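**Q** This is the content of run.cif (mmCIF, C-alpha atoms):
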data_work
#
loop_
_atom_site.label_atom_id
_atom_site.label_comp_id
_atom_site.auth_asym_id
_atom_site.auth_seq_id
_atom_site.Cartn_x
_atom_site.Cartn_y
_atom_site.Cartn_z
CA MET A 1 24.22 -15.47 67.57
CA PRO A 2 24.61 -13.54 64.29
CA THR A 3 21.69 -12.24 62.25
CA PHE A 4 21.00 -11.79 58.55
CA THR A 5 18.40 -9.38 57.18
CA THR A 6 16.63 -10.40 53.97
CA GLU A 7 15.68 -7.99 51.22
CA ASP A 8 12.08 -7.83 52.48
CA GLY A 9 13.08 -7.21 56.09
CA ALA A 10 13.00 -10.61 57.79
CA GLU A 11 15.75 -10.89 60.39
CA LEU A 12 17.15 -14.43 60.47
CA TYR A 13 19.08 -15.77 63.42
CA TYR A 14 21.68 -18.35 62.48
CA GLN A 15 24.75 -20.21 63.66
CA VAL A 16 27.92 -21.29 61.85
CA GLU A 17 29.96 -24.01 63.54
CA GLY A 18 32.45 -26.77 62.92
CA THR A 19 35.58 -27.43 60.90
CA GLU A 20 35.63 -28.35 57.23
CA ARG A 21 38.50 -30.89 57.11
CA GLY A 22 37.88 -31.53 53.41
CA ASN A 23 34.29 -32.73 53.92
CA PRO A 24 31.17 -31.16 52.41
CA PRO A 25 29.49 -28.52 54.57
CA LEU A 26 26.12 -29.32 56.16
CA LEU A 27 23.09 -27.06 56.02
CA PHE A 28 20.25 -27.86 58.45
CA ILE A 29 16.64 -26.72 57.84
CA HIS A 30 14.14 -27.13 60.69
CA GLY A 31 10.45 -27.94 60.42
CA TRP A 32 7.10 -26.38 61.25
CA CYS A 33 7.24 -24.03 64.27
CA SER A 34 10.65 -25.44 65.16
CA ASN A 35 14.06 -23.78 65.49
CA LEU A 36 17.77 -24.31 64.98
CA THR A 37 18.29 -25.91 68.41
CA HIS A 38 16.54 -29.05 67.14
CA TRP A 39 19.78 -29.94 65.34
CA GLU A 40 21.97 -29.79 68.44
CA GLN A 41 22.71 -33.52 68.46
CA GLN A 42 23.72 -33.41 64.80
CA VAL A 43 26.05 -30.46 65.40
CA ARG A 44 27.77 -32.39 68.18
CA ALA A 45 28.21 -35.41 65.92
CA PHE A 46 29.56 -33.54 62.89
CA GLN A 47 31.24 -30.35 64.12
CA ASP A 48 34.71 -31.90 64.26
CA SER A 49 34.58 -32.94 60.61
CA HIS A 50 32.20 -30.57 58.81
CA ARG A 51 31.37 -26.89 58.64
CA ILE A 52 27.74 -26.44 59.66
CA LEU A 53 25.08 -23.78 59.04
CA ARG A 54 21.72 -23.79 60.78
CA MET A 55 19.16 -21.02 61.06
CA ASP A 56 15.75 -20.10 62.42
CA ARG A 57 13.54 -19.74 59.35
CA ARG A 58 11.54 -16.52 59.03
CA GLY A 59 8.88 -16.12 61.70
CA MET A 60 10.11 -19.06 63.77
CA GLY A 61 12.53 -19.41 66.65
CA LYS A 62 14.21 -16.04 67.15
CA SER A 63 13.77 -14.93 63.54
CA THR A 64 11.25 -12.29 62.53
CA SER A 65 8.90 -12.11 59.59
CA PRO A 66 7.34 -9.17 57.74
CA GLY A 67 4.19 -11.31 57.55
CA THR A 68 4.87 -12.40 53.99
CA GLY A 69 7.26 -14.73 52.22
CA HIS A 70 6.06 -17.95 53.83
CA THR A 71 6.52 -19.95 50.63
CA PRO A 72 9.01 -22.65 49.67
CA THR A 73 10.66 -20.37 47.12
CA GLN A 74 11.12 -17.47 49.54
CA HIS A 75 12.45 -19.70 52.30
CA ALA A 76 14.88 -21.16 49.75
CA ALA A 77 15.94 -17.67 48.69
CA ASP A 78 16.50 -16.72 52.35
CA ILE A 79 18.65 -19.78 52.97
CA ALA A 80 20.60 -19.45 49.73
CA ALA A 81 21.41 -15.79 50.42
CA LEU A 82 22.56 -16.65 53.92
CA ALA A 83 24.58 -19.64 52.72
CA ARG A 84 26.37 -17.58 50.08
CA ARG A 85 27.11 -14.84 52.59
CA GLU A 86 28.83 -17.42 54.82
CA GLY A 87 30.62 -19.15 51.95
CA PHE A 88 28.57 -22.36 51.93
CA THR A 89 28.63 -24.04 48.52
CA ASN A 90 28.16 -27.68 47.49
CA ALA A 91 26.56 -28.37 50.86
CA VAL A 92 24.47 -31.30 52.00
CA ALA A 93 21.07 -29.78 52.80
CA ILE A 94 19.12 -31.63 55.51
CA ALA A 95 15.47 -30.69 56.02
CA HIS A 96 12.99 -31.92 58.61
CA ALA A 97 9.22 -32.19 58.16
CA GLY A 98 7.71 -28.77 57.30
CA GLY A 99 11.15 -27.60 56.21
CA GLY A 100 10.98 -30.06 53.33
CA PRO A 101 9.28 -27.76 50.80
CA ALA A 102 11.99 -25.15 51.40
CA GLY A 103 14.68 -27.83 51.07
CA VAL A 104 13.34 -29.04 47.73
CA SER A 105 13.11 -25.49 46.39
CA LEU A 106 16.64 -24.86 47.60
CA GLY A 107 18.03 -27.98 45.95
CA SER A 108 16.16 -27.34 42.72
CA GLY A 109 16.80 -23.62 42.44
CA TYR A 110 20.31 -23.35 43.88
CA PRO A 111 22.40 -26.34 42.76
CA ASP A 112 25.59 -24.39 43.52
CA VAL A 113 24.54 -24.30 47.18
CA VAL A 114 23.21 -27.87 47.46
CA SER A 115 25.23 -30.89 46.31
CA ALA A 116 23.06 -33.50 48.07
CA TYR A 117 19.70 -33.47 49.82
CA VAL A 118 18.39 -35.33 52.88
CA MET A 119 14.70 -35.46 53.80
CA VAL A 120 14.03 -36.22 57.48
CA ASP A 121 10.45 -37.45 57.98
CA THR A 122 9.06 -35.29 55.22
CA THR A 123 7.40 -36.04 51.91
CA ILE A 124 6.85 -34.81 48.36
CA SER A 125 3.46 -33.63 47.13
CA PRO A 126 2.02 -32.53 43.76
CA GLY A 127 0.29 -29.74 45.66
CA PHE A 128 -3.35 -29.25 46.51
CA ASP A 129 -6.03 -26.60 46.94
CA LEU A 130 -6.77 -26.05 50.63
CA ALA A 131 -10.25 -24.82 49.70
CA ASP A 132 -11.14 -28.15 48.11
CA THR A 133 -12.04 -30.02 51.28
CA THR A 134 -13.46 -32.92 49.29
CA LYS A 135 -9.84 -34.06 49.10
CA VAL A 136 -8.52 -35.84 52.19
CA THR A 137 -5.20 -33.98 52.38
CA ALA A 138 -6.77 -30.57 51.88
CA ARG A 139 -9.40 -31.33 54.52
CA PHE A 140 -6.69 -32.48 56.94
CA TYR A 141 -4.80 -29.18 56.73
CA ALA A 142 -7.93 -27.02 56.53
CA GLU A 143 -9.26 -28.55 59.74
CA MET A 144 -5.91 -27.96 61.46
CA ILE A 145 -6.03 -24.29 60.50
CA GLU A 146 -9.66 -23.97 61.63
CA GLN A 147 -8.92 -25.48 65.02
CA MET A 148 -5.72 -23.46 65.54
CA THR A 149 -7.59 -20.21 64.98
CA ALA A 150 -10.56 -21.15 67.20
CA SER A 151 -11.04 -19.85 70.76
CA ASP A 152 -9.25 -22.87 72.23
CA GLY A 153 -6.63 -22.91 69.47
CA GLU A 154 -3.67 -22.66 71.82
CA ARG A 155 -4.61 -25.81 73.68
CA TYR A 156 -5.22 -27.59 70.38
CA PHE A 157 -1.81 -26.53 69.07
CA ARG A 158 0.04 -27.72 72.17
CA ASP A 159 -1.75 -31.07 72.10
CA LEU A 160 -1.08 -31.44 68.37
CA TYR A 161 2.60 -30.65 68.70
CA THR A 162 2.94 -33.02 71.64
CA SER A 163 1.39 -35.79 69.51
CA PHE A 164 4.28 -35.52 67.04
CA PHE A 165 6.58 -37.17 69.59
CA GLY A 166 6.67 -40.88 70.26
CA PRO A 167 5.59 -42.31 73.65
CA GLN A 168 9.20 -43.18 74.47
CA ALA A 169 10.48 -39.62 73.97
CA ASP A 170 11.98 -37.87 76.98
CA ARG A 171 9.16 -35.88 78.58
CA ALA A 172 11.38 -32.92 79.45
CA LEU A 173 12.52 -32.75 75.81
CA VAL A 174 8.91 -32.85 74.60
CA ALA A 175 7.80 -30.16 77.05
CA SER A 176 10.65 -27.89 75.98
CA ALA A 177 9.96 -28.37 72.26
CA VAL A 178 6.25 -27.71 72.69
CA ALA A 179 6.89 -24.60 74.78
CA GLU A 180 9.28 -23.25 72.13
CA ALA A 181 6.84 -24.04 69.32
CA SER A 182 4.05 -22.26 71.18
CA ARG A 183 5.99 -19.00 70.93
CA THR A 184 5.45 -19.04 67.16
CA PRO A 185 2.82 -16.42 66.26
CA VAL A 186 -0.52 -17.90 65.19
CA ALA A 187 -0.30 -16.14 61.82
CA THR A 188 3.05 -17.80 61.15
CA ARG A 189 1.71 -21.20 62.21
CA VAL A 190 -1.11 -20.83 59.69
CA ASN A 191 1.08 -19.45 56.89
CA GLU A 192 3.55 -22.28 57.35
CA LEU A 193 0.75 -24.86 57.18
CA LYS A 194 -0.50 -23.29 53.95
CA LEU A 195 3.06 -23.61 52.63
CA MET A 196 2.72 -27.39 52.83
CA ALA A 197 0.03 -27.28 50.14
CA ALA A 198 2.64 -26.18 47.61
CA ASP A 199 3.71 -28.35 44.71
CA THR A 200 7.04 -29.92 45.63
CA ALA A 201 6.89 -32.71 43.03
CA THR A 202 7.70 -30.38 40.13
CA PRO A 203 10.94 -28.97 41.58
CA ALA A 204 11.87 -32.42 42.93
CA ALA A 205 11.76 -33.79 39.39
CA THR A 206 14.49 -31.35 38.35
CA MET A 207 16.94 -32.21 41.16
CA ARG A 208 20.07 -34.03 40.06
CA GLN A 209 21.67 -34.36 43.49
CA PRO A 210 21.84 -37.63 45.43
CA ILE A 211 18.81 -37.95 47.71
CA LEU A 212 18.40 -39.64 51.10
CA VAL A 213 15.00 -40.04 52.74
CA ILE A 214 15.11 -40.86 56.47
CA ALA A 215 11.66 -41.96 57.60
CA GLY A 216 10.20 -42.99 60.93
CA PRO A 217 6.97 -44.75 61.89
CA TRP A 218 5.04 -41.46 62.10
CA LEU A 219 5.67 -40.68 58.44
CA ALA A 220 4.99 -44.26 57.35
CA ASP A 221 1.65 -44.27 59.16
CA SER A 222 0.57 -40.77 58.10
CA PHE A 223 1.85 -40.80 54.51
CA PRO A 224 2.58 -44.41 53.42
CA GLN A 225 3.54 -43.26 49.91
CA ALA A 226 6.45 -41.33 51.41
CA VAL A 227 8.26 -44.55 52.29
CA ASP A 228 7.69 -46.27 48.94
CA HIS A 229 11.20 -46.44 47.49
CA ALA A 230 9.97 -47.21 43.97
CA ARG A 231 7.67 -44.17 44.09
CA LEU A 232 10.48 -41.95 45.35
CA LYS A 233 12.56 -42.92 42.31
CA THR A 234 9.72 -41.85 40.02
CA ILE A 235 9.61 -38.47 41.79
CA PHE A 236 13.34 -37.73 41.79
CA THR A 237 13.70 -38.85 38.19
CA GLN A 238 16.97 -37.04 37.53
CA ALA A 239 18.67 -37.67 40.87
CA LYS A 240 22.01 -39.47 40.83
CA ARG A 241 20.57 -41.91 43.35
CA VAL A 242 17.68 -42.12 45.80
CA GLU A 243 18.10 -43.94 49.10
CA LEU A 244 15.61 -44.73 51.85
CA ALA A 245 16.50 -45.31 55.52
CA ARG A 246 13.95 -46.41 58.12
CA ALA A 247 14.28 -45.34 61.75
CA ILE A 248 12.59 -47.25 64.57
CA GLY A 249 11.33 -46.42 68.05
CA THR A 250 10.60 -42.77 67.36
CA GLY A 251 7.93 -40.22 66.67
CA HIS A 252 8.13 -37.43 64.08
CA PHE A 253 11.23 -35.71 65.48
CA LEU A 254 13.90 -38.26 64.55
CA GLN A 255 16.81 -35.87 65.06
CA LEU A 256 15.71 -35.26 68.65
CA GLU A 257 14.28 -38.63 69.64
CA VAL A 258 16.74 -41.05 68.02
CA PRO A 259 19.80 -38.92 67.23
CA ASP A 260 22.15 -41.93 67.10
CA GLN A 261 20.12 -43.54 64.32
CA THR A 262 19.71 -40.25 62.47
CA ASN A 263 23.40 -39.43 62.69
CA ALA A 264 24.43 -42.91 61.56
CA PHE A 265 22.23 -42.60 58.46
CA LEU A 266 23.68 -39.16 57.73
CA LYS A 267 27.27 -40.29 58.19
CA SER A 268 26.81 -43.26 55.88
CA PHE A 269 25.20 -41.14 53.18
CA VAL A 270 27.68 -38.26 53.36
CA SER A 271 30.70 -40.58 53.42
CA ARG A 272 29.68 -42.05 50.07
CA LEU A 273 29.09 -38.80 48.19
CA GLY A 274 32.62 -38.78 46.76
#
Now, as a test, write the supplied structure out as structure tokens.

**A**
Amino acid sequence: MPTFTTEDGAELYYQVEGTERGNPPLLFIHGWCSNLTHWEQQVRAFQDSHRILRMDRRGMGKSTSPGTGHTPTQHAADIAALARREGFTNAVAIAHAGGGPAGVSLGSGYPDVVSAYVMVDTTISPGFDLADTTKVTARFYAEMIEQMTASDGERYFRDLYTSFFGPQADRALVASAVAEASRTPVATRVNELKLMAADTATPAATMRQPILVIAGPWLADSFPQAVDHARLKTIFTQAKRVELARAIGTGHFLQLEVPDQTNAFLKSFVSRLG
């Protein structure tokens, strides 16, 4: 697996696969404490027709972190630099969950890299102050950070990550994903949670690319506004179009739990980009 070293010293592990065949390249961005292997089912589905780039974001998977740069803009800069190095332009960027803030910053700041954007069980936020625990969202994340850094934080983290999967998910798959996530340093876990407090609504409002939101029951239950199609159109005000697809029978990890549904949504969207 090749590596790419960023200007501030993060070493990113990544993989380039597939064949272009005249189709837009695909750029996969994993979520919180995840890694590039979470897109394996998508690589299998698209590698014969698309060139594919996936990476471990700084501090996660096999990638290292200098302890800084855990912001949407820095993640976007990392991905854009790597994409340009490998000749990826006009790509469809596909981001899951906690990778969403990086995906929005990438689409907004690097339109030459991203020609269309797909959100997989992730949402857009105007941002919030984690210190203001009078607000429900801020309190939610602040309590997660407090419990993760407590004496029994490791048990809490494993239980939390397990809860992201639906009851029908393959238990071996869940155990493997949780074990891999648990290798993420605690400092990175916390920094990546703080990242989710960033304002993603402002950059989203500047994006002109077509947008697809793929949402499952977990997102609909946790953040009902994220599956409001009318609201999404008011967020991505300049986008060529905004589409919403609803997956069923899954937890938070759609690409792992219901890959056939996820891949069908992606194929339909990509085939109509023109």

**Q** Using Å and a single decimal, report how far atom CA of Thr262 of chain A sits from atom CA of Asp48 of chain A.

**A**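 Answer for the atom CA of Asp48 of chain A to atom CA of Thr262 of chain A separation: 17.3 Å.
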
**Q** As an exercise, work out the distance from atom CA of Ala201 of chain A to atom CA of Pro66 of chain A in Å and give it to one decimal place.

**A**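 Going from atom CA of Ala201 of chain A over to atom CA of Pro66 of chain A covers 27.8 Å.
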
**Q** For this structure, which residues satisfy the selection - the PyMOL selection byres ((chain A and resi 250-258) around 7) - when it is evaluated on the file as given? I want them as a list in words.

**A** His38, Trp39, Asp121, Phe164, Phe165, Gly166, Ala169, Gly216, Pro217, Trp218, Leu219, Ile248, Gly249, Pro259, Asp260, Gln261 and Thr262 of chain A

**Q** With all atoms listed in the file as the atoms that count, which of A:Thr202, A:Ser63, A:Ser176, A:Thr237 lies nearest to Thr5 of chain A?

**A**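 The answer is A:Ser63, which sits nearest to Thr5 of chain A.
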
**Q** Could you write out as a PyMOL selection string the residues that the PyMOL selection byres ((chain A and resi 6) around 12) matches in the shown file?

**A** chain A and resi 3-5+7-13+57-58+63-66+68-69+74-82+85

**Q** What would the selection look like, as a ChimeraX atom specification, if the PyMOL selection byres ((chain A and resi 33-37) around 6) were run on the coordinates I just shared?

**A** /A:30-32,38-40,54-56,60-61,181

**Q** At a cut-off of 12 Å, using all atoms listed in the file, what residues contact Ile235 of chain A? Leave out same-chain residues fewer than 3 positions from it and give the result as number ranges by chain.

**A** A: 104, 123-126, 200-208, 211, 225-226, 228-232, 238-239, 241-242

**Q** Emit the selected residues as an mmCIF file, in the coordinates of the input, including C-alpha atoms.

**A**
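Ended up saving to result.cif:
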data_model
loop_
_atom_site.group_PDB
_atom_site.id
_atom_site.type_symbol
_atom_site.label_atom_id
_atom_site.label_comp_id
_atom_site.auth_asym_id
_atom_site.auth_seq_id
_atom_site.Cartn_x
_atom_site.Cartn_y
_atom_site.Cartn_z
ATOM 1 C CA VAL A 104 13.340 -29.040 47.730
ATOM 2 C CA THR A 123 7.400 -36.040 51.910
ATOM 3 C CA ILE A 124 6.850 -34.810 48.360
ATOM 4 C CA SER A 125 3.460 -33.630 47.130
ATOM 5 C CA PRO A 126 2.020 -32.530 43.760
ATOM 6 C CA THR A 200 7.040 -29.920 45.630
ATOM 7 C CA ALA A 201 6.890 -32.710 43.030
ATOM 8 C CA THR A 202 7.700 -30.380 40.130
ATOM 9 C CA PRO A 203 10.940 -28.970 41.580
ATOM 10 C CA ALA A 204 11.870 -32.420 42.930
ATOM 11 C CA ALA A 205 11.760 -33.790 39.390
ATOM 12 C CA THR A 206 14.490 -31.350 38.350
ATOM 13 C CA MET A 207 16.940 -32.210 41.160
ATOM 14 C CA ARG A 208 20.070 -34.030 40.060
ATOM 15 C CA ILE A 211 18.810 -37.950 47.710
ATOM 16 C CA GLN A 225 3.540 -43.260 49.910
ATOM 17 C CA ALA A 226 6.450 -41.330 51.410
ATOM 18 C CA ASP A 228 7.690 -46.270 48.940
ATOM 19 C CA HIS A 229 11.200 -46.440 47.490
ATOM 20 C CA ALA A 230 9.970 -47.210 43.970
ATOM 21 C CA ARG A 231 7.670 -44.170 44.090
ATOM 22 C CA LEU A 232 10.480 -41.950 45.350
ATOM 23 C CA GLN A 238 16.970 -37.040 37.530
ATOM 24 C CA ALA A 239 18.670 -37.670 40.870
ATOM 25 C CA ARG A 241 20.570 -41.910 43.350
ATOM 26 C CA VAL A 242 17.680 -42.120 45.800
#

**Q** Please measure the separation of atom CA of Ala91 of chain A and atom CA of Pro25 of chain A, giving the value in Å to one decimal.

**A**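 For atom CA of Ala91 of chain A relative to atom CA of Pro25 of chain A, the distance reads 4.7 Å.
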
**Q** Neighbouring residues of Gly153 of chain A were defined as those with any atom within 10 Å, considering all atoms listed in the file; residues of the same chain fewer than 6 positions away were excluded. Please report them as an MDAnalysis selection string.

**A** chainID A and resid 144:147 159 186

**Q** Find, counting all atoms listed in the file, the residue in A:Thr133, A:Asn263, A:Thr234, A:Ser108 that gets nearest to Ala247 of chain A.

**A** A:Asn263

**Q** Got a sec: who's within 7 Å of Phe128 of chain A, counting all atoms listed in the file, leaving out chain neighbours fewer than 2 positions off, as a list in words?

**A**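 Near neighbours after the sequence-gap exclusion: Pro126, Leu130, Ala138, Ala197 and Ala198 of chain A.
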
**Q** I'd like the box whose edges run along x, y and z of the file and which contains every listed atom of segment 224-236 of chain A, padded by 4 Å per side; could you state its centre and edge lengths in Å, one decimal, as lines of an AutoDock Vina configuration file?

**A**
center_x = 8.0
center_y = -42.5
center_z = 46.7
size_x = 18.8
size_y = 17.5
size_z = 21.4

**Q** So which one's closest to Phe223 of chain A, A:Ala97, A:Ala172, A:Ala131, A:Leu193? Using all atoms listed in the file, please.

**A**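 Once distances to Phe223 of chain A are computed over all atoms listed in the file, the minimum belongs to A:Ala97.
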
**Q** Name the closest residue to Ala177 of chain A among the candidates A:Leu195, A:Phe140, A:Thr162, A:Asp152; distances are taken between atoms, counting all atoms listed in the file.

**A**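 Between A:Leu195, A:Phe140, A:Thr162, A:Asp152, the residue approaching Ala177 of chain A most closely is A:Thr162.
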
**Q** Considering only C-alpha atoms, return as a ChimeraX atom specification whatever protein or nucleic-acid residues lie within 8 Å of Met196 of chain A, sequence-local ones (same chain, fewer than 3 positions apart) excluded.

**A** /A:98,101,127,192-193

**Q** Within 8 Å of Glu20 of chain A, counting all atoms listed in the file, which residues qualify if same-chain residues fewer than 2 places away don't, as number ranges by chain?

**A** A: 18, 22-25, 48-51

**Q** Using all atoms listed in the file, which of A:Tyr14, A:Thr149, A:Gln168, A:Gly59 sits nearest Thr184 of chain A?

**A** A:Gly59

**Q** Could you check which of A:Pro111, A:Pro72, A:Gly103, A:Gly274 is closest to Asn191 of chain A, using all atoms listed in the file?

**A** A:Pro72

**Q** Complete the atom set of segment 188-201 of chain A to N, CA, C and O atoms and return it as an mmCIF file, in the coordinates of the input.

**A**
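Result went into part_17.cif, see below:
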data_model
loop_
_atom_site.group_PDB
_atom_site.id
_atom_site.type_symbol
_atom_site.label_atom_id
_atom_site.label_comp_id
_atom_site.auth_asym_id
_atom_site.auth_seq_id
_atom_site.Cartn_x
_atom_site.Cartn_y
_atom_site.Cartn_z
ATOM 1 N N THR A 188 1.952 -17.037 61.752
ATOM 2 C CA THR A 188 3.050 -17.800 61.150
ATOM 3 C C THR A 188 2.717 -19.285 61.125
ATOM 4 O O THR A 188 2.992 -19.976 60.142
ATOM 5 N N ARG A 189 2.127 -19.791 62.186
ATOM 6 C CA ARG A 189 1.710 -21.200 62.210
ATOM 7 C C ARG A 189 0.819 -21.503 61.009
ATOM 8 O O ARG A 189 1.004 -22.509 60.320
ATOM 9 N N VAL A 190 -0.159 -20.632 60.782
ATOM 10 C CA VAL A 190 -1.110 -20.830 59.690
ATOM 11 C C VAL A 190 -0.418 -20.696 58.330
ATOM 12 O O VAL A 190 -0.606 -21.529 57.436
ATOM 13 N N ASN A 191 0.386 -19.650 58.164
ATOM 14 C CA ASN A 191 1.080 -19.450 56.890
ATOM 15 C C ASN A 191 1.998 -20.610 56.554
ATOM 16 O O ASN A 191 2.135 -20.998 55.393
ATOM 17 N N GLU A 192 2.645 -21.164 57.589
ATOM 18 C CA GLU A 192 3.550 -22.280 57.350
ATOM 19 C C GLU A 192 2.809 -23.584 57.069
ATOM 20 O O GLU A 192 3.332 -24.466 56.414
ATOM 21 N N LEU A 193 1.580 -23.706 57.550
ATOM 22 C CA LEU A 193 0.750 -24.860 57.180
ATOM 23 C C LEU A 193 0.301 -24.726 55.730
ATOM 24 O O LEU A 193 0.297 -25.699 54.971
ATOM 25 N N LYS A 194 -0.084 -23.521 55.337
ATOM 26 C CA LYS A 194 -0.500 -23.290 53.950
ATOM 27 C C LYS A 194 0.647 -23.591 52.987
ATOM 28 O O LYS A 194 0.427 -24.064 51.869
ATOM 29 N N LEU A 195 1.877 -23.316 53.428
ATOM 30 C CA LEU A 195 3.060 -23.610 52.630
ATOM 31 C C LEU A 195 3.107 -25.077 52.224
ATOM 32 O O LEU A 195 3.562 -25.425 51.128
ATOM 33 N N MET A 196 2.631 -25.958 53.092
ATOM 34 C CA MET A 196 2.720 -27.390 52.830
ATOM 35 C C MET A 196 1.791 -27.855 51.720
ATOM 36 O O MET A 196 1.869 -28.995 51.268
ATOM 37 N N ALA A 197 0.898 -26.951 51.270
ATOM 38 C CA ALA A 197 0.030 -27.280 50.140
ATOM 39 C C ALA A 197 0.724 -27.028 48.800
ATOM 40 O O ALA A 197 0.165 -27.326 47.741
ATOM 41 N N ALA A 198 1.923 -26.509 48.845
ATOM 42 C CA ALA A 198 2.640 -26.180 47.610
ATOM 43 C C ALA A 198 3.063 -27.434 46.848
ATOM 44 O O ALA A 198 3.248 -28.514 47.427
ATOM 45 N N ASP A 199 3.223 -27.282 45.574
ATOM 46 C CA ASP A 199 3.710 -28.350 44.710
ATOM 47 C C ASP A 199 5.211 -28.519 44.913
ATOM 48 O O ASP A 199 5.991 -27.635 44.574
ATOM 49 N N THR A 200 5.610 -29.637 45.489
ATOM 50 C CA THR A 200 7.040 -29.920 45.630
ATOM 51 C C THR A 200 7.491 -31.000 44.639
ATOM 52 O O THR A 200 8.690 -31.226 44.480
ATOM 53 N N ALA A 201 6.540 -31.655 43.981
ATOM 54 C CA ALA A 201 6.890 -32.710 43.030
ATOM 55 C C ALA A 201 7.581 -32.135 41.793
ATOM 56 O O ALA A 201 8.529 -32.739 41.259
#
